[in-house]
>>> print(open('run_8.cif').read())   # mmCIF, C-alpha atoms and all ligand atoms
data_start
loop_
_atom_site.label_atom_id
_atom_site.label_comp_id
_atom_site.auth_asym_id
_atom_site.auth_seq_id
_atom_site.Cartn_x
_atom_site.Cartn_y
_atom_site.Cartn_z
CA MET N 1254 0.00 0.00 0.00
CA LEU N 1255 1.25 3.50 -0.87
CA PRO N 1256 1.89 5.86 2.05
CA ASN N 1257 -0.64 8.63 2.35
CA VAL N 1258 1.66 11.44 1.38
CA SER N 1259 0.68 14.16 -1.01
CA CYS N 1260 3.49 15.58 -3.02
CA LEU N 1261 3.70 18.10 -5.77
CA ILE N 1262 5.88 17.28 -8.72
CA GLN N 1263 6.64 20.10 -11.09
CA ALA N 1264 7.74 19.18 -14.61
CA PRO N 1265 10.61 21.13 -16.15
CA GLY N 1266 9.29 23.84 -18.47
CA LEU N 1267 10.81 25.26 -21.67
CA ALA N 1268 9.52 28.38 -23.41
CA VAL N 1269 10.10 28.40 -27.17
CA VAL N 1270 9.65 31.72 -28.95
CA LEU N 1271 9.47 31.84 -32.73
CA VAL N 1272 9.22 35.11 -34.63
CA GLY N 1273 8.32 34.96 -38.32
CA GLN N 1274 7.76 32.12 -40.72
CA ARG N 1275 11.16 30.82 -41.80
CA LYS N 1276 10.65 27.21 -42.82
CA ASP N 1277 13.96 26.03 -41.32
CA SER N 1278 13.24 27.74 -37.97
CA GLN N 1279 9.73 26.28 -37.92
CA THR N 1280 11.20 22.81 -38.46
CA TYR N 1281 13.78 23.25 -35.68
CA VAL N 1282 11.18 24.57 -33.25
CA ARG N 1283 8.82 21.71 -34.05
CA SER N 1284 11.59 19.16 -33.38
CA LYS N 1285 12.49 20.84 -30.07
CA LYS N 1286 8.88 20.85 -28.86
CA LYS N 1287 8.40 17.21 -29.91
CA ALA N 1288 11.56 16.19 -28.04
CA CYS N 1289 10.26 17.97 -24.92
CA GLU N 1290 7.02 16.06 -25.14
CA GLU N 1291 8.87 12.75 -25.45
CA VAL N 1292 10.80 13.26 -22.21
CA GLY N 1293 8.14 14.97 -20.08
CA ILE N 1294 9.31 18.58 -20.36
CA VAL N 1295 6.39 20.99 -20.76
CA SER N 1296 6.96 23.34 -23.70
CA TYR N 1297 5.32 26.74 -23.83
CA GLY N 1298 5.32 27.88 -27.45
CA VAL N 1299 4.76 31.46 -28.57
CA ASP N 1300 4.66 32.18 -32.29
CA LEU N 1301 4.83 35.85 -33.24
CA PRO N 1302 4.33 37.22 -36.75
CA GLU N 1303 7.24 38.52 -38.86
CA THR N 1304 5.91 42.02 -38.18
CA ALA N 1305 6.19 41.72 -34.37
CA THR N 1306 8.06 44.63 -32.80
CA GLU N 1307 11.15 44.31 -30.64
CA ASP N 1308 9.09 45.50 -27.66
CA GLU N 1309 6.57 42.73 -28.24
CA VAL N 1310 9.33 40.11 -28.25
CA LEU N 1311 10.87 41.66 -25.12
CA GLU N 1312 7.46 41.56 -23.45
CA VAL N 1313 7.17 37.81 -24.12
CA VAL N 1314 10.67 37.24 -22.74
CA ALA N 1315 9.85 39.30 -19.61
CA LYS N 1316 6.69 37.26 -19.06
CA PHE N 1317 8.62 33.97 -19.22
CA ASN N 1318 11.42 35.36 -17.04
CA ALA N 1319 8.80 35.90 -14.33
CA ASP N 1320 6.99 32.57 -14.79
CA PRO N 1321 8.05 29.96 -12.18
CA ASN N 1322 6.79 27.14 -14.42
CA VAL N 1323 9.37 28.07 -17.04
CA HIS N 1324 12.96 26.98 -16.37
CA GLY N 1325 14.41 27.65 -19.80
CA ILE N 1326 13.74 30.25 -22.50
CA LEU N 1327 14.73 29.77 -26.12
CA VAL N 1328 14.25 32.47 -28.73
CA GLN N 1329 14.81 30.84 -32.10
CA LEU N 1330 17.43 32.61 -34.23
CA PRO N 1331 17.76 34.32 -36.59
CA LEU N 1332 15.23 37.01 -35.69
CA PRO N 1333 13.76 39.27 -38.38
CA LYS N 1334 16.19 42.04 -39.34
CA HIS N 1335 14.25 44.87 -37.64
CA ILE N 1336 14.68 43.21 -34.23
CA ASN N 1337 17.92 43.72 -32.33
CA GLU N 1338 19.01 40.17 -31.53
CA LYS N 1339 21.51 41.35 -28.93
CA ARG N 1340 18.85 43.19 -26.92
CA VAL N 1341 16.55 40.18 -26.96
CA LEU N 1342 19.23 37.68 -25.92
CA ASP N 1343 20.50 40.01 -23.18
CA ALA N 1344 16.94 40.21 -21.80
CA ILE N 1345 16.73 36.47 -21.10
CA SER N 1346 17.29 35.79 -17.41
CA LEU N 1347 20.72 34.18 -16.83
CA GLU N 1348 19.03 31.41 -14.82
CA LYS N 1349 16.85 30.52 -17.84
CA ASP N 1350 19.39 30.98 -20.65
CA VAL N 1351 19.31 27.32 -21.77
CA ASP N 1352 20.79 28.30 -25.16
CA GLY N 1353 23.86 29.68 -23.36
CA PHE N 1354 23.87 32.76 -25.63
CA HIS N 1355 23.91 35.38 -22.85
CA PRO N 1356 27.26 37.22 -22.80
CA ASN N 1357 27.72 36.31 -19.12
CA ASN N 1358 27.49 32.62 -19.94
CA ILE N 1359 29.88 32.90 -22.93
CA GLY N 1360 32.21 35.09 -20.85
CA GLU N 1361 32.33 32.53 -18.04
CA LEU N 1362 33.10 29.83 -20.61
CA ALA N 1363 36.02 31.88 -21.92
CA MET N 1364 37.66 32.27 -18.51
CA ARG N 1365 39.76 29.60 -16.87
CA GLY N 1366 38.56 28.37 -13.49
CA ARG N 1367 35.02 29.63 -13.97
CA SER N 1368 31.95 27.75 -15.12
CA PRO N 1369 28.99 29.11 -17.03
CA MET N 1370 25.49 28.31 -15.86
CA TYR N 1371 24.76 27.00 -19.37
CA VAL N 1372 26.88 26.05 -22.39
CA SER N 1373 25.26 26.47 -25.80
CA CYS N 1374 23.71 23.31 -27.06
CA THR N 1375 25.40 22.62 -30.41
CA PRO N 1376 29.01 22.94 -29.19
CA LYS N 1377 28.10 21.05 -26.02
CA GLY N 1378 26.65 18.28 -28.23
CA CYS N 1379 29.84 18.18 -30.33
CA LEU N 1380 31.96 17.70 -27.21
CA GLU N 1381 29.60 15.01 -25.91
CA LEU N 1382 29.93 13.16 -29.24
CA LEU N 1383 33.72 13.33 -29.02
CA LYS N 1384 33.81 12.17 -25.40
CA ARG N 1385 31.35 9.32 -25.93
CA SER N 1386 33.32 8.16 -28.97
CA GLY N 1387 36.41 7.90 -26.80
CA ILE N 1388 38.30 10.62 -28.68
CA THR N 1389 41.13 12.09 -26.59
CA LEU N 1390 41.31 15.87 -26.85
CA ALA N 1391 44.21 16.74 -24.56
CA GLY N 1392 47.34 17.45 -26.55
CA LYS N 1393 45.53 17.17 -29.89
CA ARG N 1394 45.31 19.77 -32.64
CA ALA N 1395 41.77 20.92 -33.34
CA ALA N 1396 40.47 23.17 -36.09
CA VAL N 1397 37.15 24.98 -35.79
CA VAL N 1398 35.98 26.25 -39.17
CA GLY N 1399 33.69 29.23 -38.49
CA ARG N 1400 33.64 31.77 -35.68
CA SER N 1401 29.95 32.40 -34.94
CA ASN N 1402 28.85 33.25 -31.41
CA ILE N 1403 26.49 30.26 -31.51
CA VAL N 1404 28.89 27.51 -32.55
CA GLY N 1405 32.43 28.40 -33.64
CA LEU N 1406 33.40 30.56 -30.68
CA PRO N 1407 32.01 28.34 -27.87
CA ALA N 1408 33.25 25.18 -29.63
CA ALA N 1409 36.78 26.60 -29.73
CA LEU N 1410 36.55 27.57 -26.04
CA LEU N 1411 35.31 24.11 -25.04
CA LEU N 1412 38.06 22.33 -26.99
CA GLN N 1413 40.65 24.58 -25.39
CA GLN N 1414 39.24 23.77 -21.96
CA GLU N 1415 39.86 20.10 -22.77
CA ASP N 1416 43.52 20.94 -23.46
CA ALA N 1417 43.38 20.74 -27.24
CA THR N 1418 45.42 23.26 -29.24
CA VAL N 1419 42.81 25.11 -31.23
CA THR N 1420 42.97 26.95 -34.54
CA VAL N 1421 39.93 28.99 -35.54
CA ILE N 1422 39.62 29.21 -39.31
CA HIS N 1423 37.39 31.86 -40.88
CA SER N 1424 36.69 33.60 -44.17
CA ARG N 1425 39.83 35.77 -43.92
CA THR N 1426 42.23 32.98 -42.90
CA PRO N 1427 45.10 32.49 -45.35
CA ASP N 1428 45.96 28.85 -46.11
CA ALA N 1429 42.72 27.65 -44.53
CA GLN N 1430 42.83 24.25 -46.19
CA GLN N 1431 46.42 23.59 -45.15
CA LEU N 1432 45.71 24.59 -41.53
CA CYS N 1433 42.65 22.40 -41.37
CA ALA N 1434 44.58 19.46 -42.84
CA GLU N 1435 46.93 19.62 -39.81
CA ALA N 1436 44.08 19.03 -37.36
CA ASP N 1437 43.31 15.77 -35.55
CA ILE N 1438 39.82 17.05 -34.83
CA VAL N 1439 37.77 19.26 -37.15
CA ILE N 1440 34.55 21.01 -36.19
CA ALA N 1441 32.97 22.41 -39.34
CA ALA N 1442 30.57 25.29 -38.71
CA CYS N 1443 31.03 27.74 -41.56
CA GLY N 1444 27.59 27.49 -43.17
CA LYS N 1445 28.94 26.77 -46.68
CA ALA N 1446 27.61 23.66 -48.35
CA GLU N 1447 30.31 20.98 -48.71
CA MET N 1448 33.11 23.55 -48.59
CA ILE N 1449 35.41 21.18 -46.71
CA THR N 1450 36.55 18.64 -49.24
CA GLY N 1451 38.71 15.55 -48.76
CA ASP N 1452 41.98 17.47 -49.10
CA TRP N 1453 41.12 19.50 -45.97
CA ILE N 1454 41.14 16.35 -43.83
CA LYS N 1455 44.17 14.71 -42.23
CA PRO N 1456 44.13 10.90 -42.55
CA GLY N 1457 42.67 9.44 -39.34
CA ALA N 1458 41.10 12.73 -38.21
CA THR N 1459 37.77 13.08 -36.44
CA VAL N 1460 35.29 15.28 -38.28
CA ILE N 1461 32.20 16.82 -36.69
CA ASP N 1462 29.96 18.51 -39.24
CA VAL N 1463 27.65 21.14 -37.74
CA GLY N 1464 26.48 22.55 -41.10
CA ILE N 1465 23.04 21.98 -42.49
CA ASN N 1466 22.49 23.44 -45.94
CA ALA N 1467 19.72 22.89 -48.48
CA VAL N 1468 21.04 22.41 -52.02
CA ASP N 1469 18.87 22.17 -55.14
CA ASP N 1470 18.40 18.62 -56.37
CA PRO N 1471 15.69 18.03 -58.97
CA THR N 1472 15.94 14.26 -58.37
CA ALA N 1473 15.08 14.64 -54.67
CA LYS N 1474 11.47 14.36 -53.47
CA ARG N 1475 11.31 17.98 -52.28
CA GLY N 1476 13.57 19.37 -55.00
CA TYR N 1477 16.45 19.83 -52.56
CA ARG N 1478 18.64 17.77 -50.28
CA LEU N 1479 20.39 18.60 -47.02
CA VAL N 1480 24.16 18.56 -46.88
CA GLY N 1481 26.72 19.62 -44.30
CA ASP N 1482 29.69 21.97 -44.52
CA VAL N 1483 31.83 18.89 -45.23
CA ASN N 1484 31.80 16.89 -48.44
CA PHE N 1485 30.92 13.64 -46.68
CA GLU N 1486 31.76 11.25 -49.53
CA GLU N 1487 35.29 12.64 -49.87
CA ALA N 1488 35.98 13.25 -46.19
CA LYS N 1489 34.87 9.79 -45.09
CA GLU N 1490 37.70 8.29 -47.16
CA LYS N 1491 40.21 10.17 -44.97
CA ALA N 1492 38.57 10.43 -41.55
CA ALA N 1493 38.56 7.78 -38.82
CA PHE N 1494 35.32 9.22 -37.38
CA ILE N 1495 32.83 11.49 -39.12
CA THR N 1496 29.28 12.66 -38.39
CA PRO N 1497 26.60 12.54 -41.11
CA VAL N 1498 24.19 15.32 -42.11
CA PRO N 1499 21.36 15.07 -41.34
CA GLY N 1500 21.30 12.88 -38.22
CA GLY N 1501 24.68 13.68 -36.67
CA VAL N 1502 25.00 16.85 -34.61
CA GLY N 1503 21.33 17.94 -34.97
CA PRO N 1504 19.87 15.37 -32.55
CA MET N 1505 22.71 16.09 -30.10
CA THR N 1506 21.82 19.80 -30.07
CA ILE N 1507 18.29 18.90 -29.07
CA ALA N 1508 19.49 16.41 -26.45
CA MET N 1509 21.68 19.11 -24.87
CA LEU N 1510 18.77 21.56 -24.87
CA LEU N 1511 16.72 19.03 -22.91
CA ARG N 1512 19.60 18.46 -20.52
CA ASN N 1513 20.09 22.20 -19.98
CA THR N 1514 16.38 22.62 -19.29
CA VAL N 1515 16.37 19.81 -16.71
CA ASP N 1516 19.51 21.30 -15.11
CA GLY N 1517 17.74 24.66 -14.92
CA ALA N 1518 14.70 23.07 -13.30
CA LYS N 1519 16.87 21.29 -10.73
CA ARG N 1520 18.75 24.50 -9.93
CA SER N 1521 15.46 26.30 -9.37
CA LEU N 1522 14.79 23.93 -6.46
CA GLU N 1523 18.10 24.64 -4.74
N1 LIG E 1 19.27 28.94 -34.61
C1 LIG E 1 20.17 28.03 -35.05
N2 LIG E 1 20.65 27.28 -34.03
C2 LIG E 1 20.04 27.74 -32.92
C3 LIG E 1 20.12 27.35 -31.55
O1 LIG E 1 20.87 26.46 -31.13
N3 LIG E 1 19.31 28.07 -30.71
C4 LIG E 1 18.50 29.08 -31.14
N4 LIG E 1 17.79 29.72 -30.23
N5 LIG E 1 18.42 29.46 -32.39
C5 LIG E 1 19.18 28.78 -33.28
#
>>> encode(input="run_8.cif", output="structure tokens", more="lines below")
Ligand code: GUN
Amino acid sequence: MLPNVSCLIQAPGLAVVLVGQRKDSQTYVRSKKKACEEVGIVSYGVDLPETATEDEVLEVVAKFNADPNVHGILVQLPLPKHINEKRVLDAISLEKDVDGFHPNNIGELAMRGRSPMYVSCTPKGCLELLKRSGITLAGKRAAVVGRSNIVGLPAALLLQQEDATVTVIHSRTPDAQQLCAEADIVIAACGKAEMITGDWIKPGATVIDVGINAVDDPTAKRGYRLVGDVNFEEAKEKAAFITPVPGGVGPMTIAMLLRNTVDGAKRSLE
């Protein structure tokens, strides 16, 4: 017989804010909400029209900041051009910044001996893939191709924290291919379809492809297919480990979002 104890269990809650009608953002948001449902996280979705003002978005963020049922807030990027992304991201409460995009969280990640409340989901997922595949990072050379705030920058910081020697390659880097070909670990996050060809990859390297690009393909069912930033067919001939697109990093990003949300919910009880 169960003891006669009444207890209140609060499910973790994630607010997901989408502004506008970009098809790719709609797809990502749908996947995130579905994943929440599968694991028992309550998602609170707000869809605003493309014409929403910055103040309207800030109002939604303020409402979720104050809502004790919400432990994480995600504003899907990119936002429409008339909205200042920086202002919106800065408005998300640090305790609910499950995307890890707040400058305090990125700043903490950059400093030795400090730990951010949240690490952004895609780079965190890349590191989890590397660790779970038994790839040693300490003492290795790593190349991060791309320097975005969302992926390239935090990925480079995380690799450095694991004692890898990190080169960040970007659009103004001379000898980019040669530098990349010296790396034991490559994280590709430059947003250019199949830019990283086989000759960018050192034999035996580990390649994590963060890119997801739609390229026209009249033979495909939808008239396009999804490819990464790495030319998979060429790179797989050189790499020891390589992630596919789709189905590689994408699901890990979502898994880390769920983990961050649960961590936020737990912290709210402390
Ligand atoms: N747009 C592309 N990737 C992401 C992400 O990880 N989080 C948010 N909020 N927007 C994105």
>>> closest_residue(input="run_8.cif", among="N:Ala1264, N:Val1498, N:Ile1438, N:Ile1465", to="ligand LIG 1 (chain E)", atoms="all atoms listed in the file")
N:Ile1465
>>> closest_atom_pairs(input="run_8.cif", of="chain N", to="ligand LIG 1 (chain E)", cutoff="9 Å", atoms="only C-alpha atoms and all ligand atoms", output="CSV")
residue,atom,partner,partner_atom,distance
N:Val1269,CA,E:LIG1,N4,8.4
N:Val1270,CA,E:LIG1,N4,8.5
N:Leu1271,CA,E:LIG1,N4,8.9
N:Ser1278,CA,E:LIG1,N1,7.0
N:Tyr1281,CA,E:LIG1,N1,8.0
N:Val1282,CA,E:LIG1,N5,8.8
N:Ile1326,CA,E:LIG1,N4,8.7
N:Leu1327,CA,E:LIG1,N4,5.1
N:Val1328,CA,E:LIG1,N4,4.7
N:Gln1329,CA,E:LIG1,N4,3.7
N:Leu1330,CA,E:LIG1,N5,3.8
N:Pro1331,CA,E:LIG1,N1,5.9
N:Leu1332,CA,E:LIG1,N5,8.8
N:Val1351,CA,E:LIG1,N4,8.9
N:Asp1352,CA,E:LIG1,N3,5.7
N:Gly1353,CA,E:LIG1,N3,8.8
N:Phe1354,CA,E:LIG1,N4,8.2
N:Ser1373,CA,E:LIG1,O1,6.9
N:Cys1374,CA,E:LIG1,O1,5.9
N:Thr1375,CA,E:LIG1,O1,6.0
N:Ile1403,CA,E:LIG1,O1,6.8
N:Val1404,CA,E:LIG1,O1,8.2
N:Thr1506,CA,E:LIG1,O1,6.8
N:Ile1507,CA,E:LIG1,O1,8.2
N:Leu1510,CA,E:LIG1,O1,8.2
>>> atom_distance(input="run_8.cif", atom1="CA of Asp1437 (chain N)", atom2="CA of Gln1413 (chain N)")
13.7 Å
>>> atom_distance(input="run_8.cif", atom1="CA of Leu1411 (chain N)", atom2="CA of Arg1425 (chain N)")
22.6 Å
>>> residues_around(input="run_8.cif", residues="Gly1405 (chain N)", least_positions_apart="3", cutoff="12 Å", atoms="only C-alpha atoms", output="VMD selection string")
chain N and resid 1359 1373 1375 to 1377 1379 1395 to 1402 1408 to 1412 1419 to 1423 1439 to 1444 1461 to 1464
>>> residues_around(input="run_8.cif", residues="Ala1518 (chain N)", least_positions_apart="5", cutoff="12 Å", atoms="all atoms listed in the file", output="JSON, numbers by chain")
{"N": [1262, 1263, 1264, 1265, 1266, 1267, 1294, 1295, 1321, 1322, 1323, 1324, 1325, 1326, 1348, 1349, 1350, 1351, 1511, 1512, 1513, 1523]}
>>> residues_around(input="run_8.cif", residues="Ala1488 (chain N)", least_positions_apart="4", cutoff="8 Å", atoms="all atoms listed in the file", output="ChimeraX atom specification")
/N:1449-1452,1454,1483-1484,1492,1495
>>> decode(input="run_8.cif", residues="region 1260-1313 of chain N", atoms="C-alpha atoms", output="CSV table (one decimal), in the first residue's frame")
chain,number,residue,atom,x,y,z
N,1260,CYS,CA,3.5,15.6,-3.0
N,1261,LEU,CA,3.7,18.1,-5.8
N,1262,ILE,CA,5.9,17.3,-8.7
N,1263,GLN,CA,6.6,20.1,-11.1
N,1264,ALA,CA,7.7,19.2,-14.6
N,1265,PRO,CA,10.6,21.1,-16.2
N,1266,GLY,CA,9.3,23.8,-18.5
N,1267,LEU,CA,10.8,25.3,-21.7
N,1268,ALA,CA,9.5,28.4,-23.4
N,1269,VAL,CA,10.1,28.4,-27.2
N,1270,VAL,CA,9.7,31.7,-28.9
N,1271,LEU,CA,9.5,31.8,-32.7
N,1272,VAL,CA,9.2,35.1,-34.6
N,1273,GLY,CA,8.3,35.0,-38.3
N,1274,GLN,CA,7.8,32.1,-40.7
N,1275,ARG,CA,11.2,30.8,-41.8
N,1276,LYS,CA,10.6,27.2,-42.8
N,1277,ASP,CA,14.0,26.0,-41.3
N,1278,SER,CA,13.2,27.7,-38.0
N,1279,GLN,CA,9.7,26.3,-37.9
N,1280,THR,CA,11.2,22.8,-38.5
N,1281,TYR,CA,13.8,23.2,-35.7
N,1282,VAL,CA,11.2,24.6,-33.3
N,1283,ARG,CA,8.8,21.7,-34.0
N,1284,SER,CA,11.6,19.2,-33.4
N,1285,LYS,CA,12.5,20.8,-30.1
N,1286,LYS,CA,8.9,20.8,-28.9
N,1287,LYS,CA,8.4,17.2,-29.9
N,1288,ALA,CA,11.6,16.2,-28.0
N,1289,CYS,CA,10.3,18.0,-24.9
N,1290,GLU,CA,7.0,16.1,-25.1
N,1291,GLU,CA,8.9,12.7,-25.5
N,1292,VAL,CA,10.8,13.3,-22.2
N,1293,GLY,CA,8.1,15.0,-20.1
N,1294,ILE,CA,9.3,18.6,-20.4
N,1295,VAL,CA,6.4,21.0,-20.8
N,1296,SER,CA,7.0,23.3,-23.7
N,1297,TYR,CA,5.3,26.7,-23.8
N,1298,GLY,CA,5.3,27.9,-27.5
N,1299,VAL,CA,4.8,31.5,-28.6
N,1300,ASP,CA,4.7,32.2,-32.3
N,1301,LEU,CA,4.8,35.8,-33.2
N,1302,PRO,CA,4.3,37.2,-36.8
N,1303,GLU,CA,7.2,38.5,-38.9
N,1304,THR,CA,5.9,42.0,-38.2
N,1305,ALA,CA,6.2,41.7,-34.4
N,1306,THR,CA,8.1,44.6,-32.8
N,1307,GLU,CA,11.2,44.3,-30.6
N,1308,ASP,CA,9.1,45.5,-27.7
N,1309,GLU,CA,6.6,42.7,-28.2
N,1310,VAL,CA,9.3,40.1,-28.2
N,1311,LEU,CA,10.9,41.7,-25.1
N,1312,GLU,CA,7.5,41.6,-23.4
N,1313,VAL,CA,7.2,37.8,-24.1
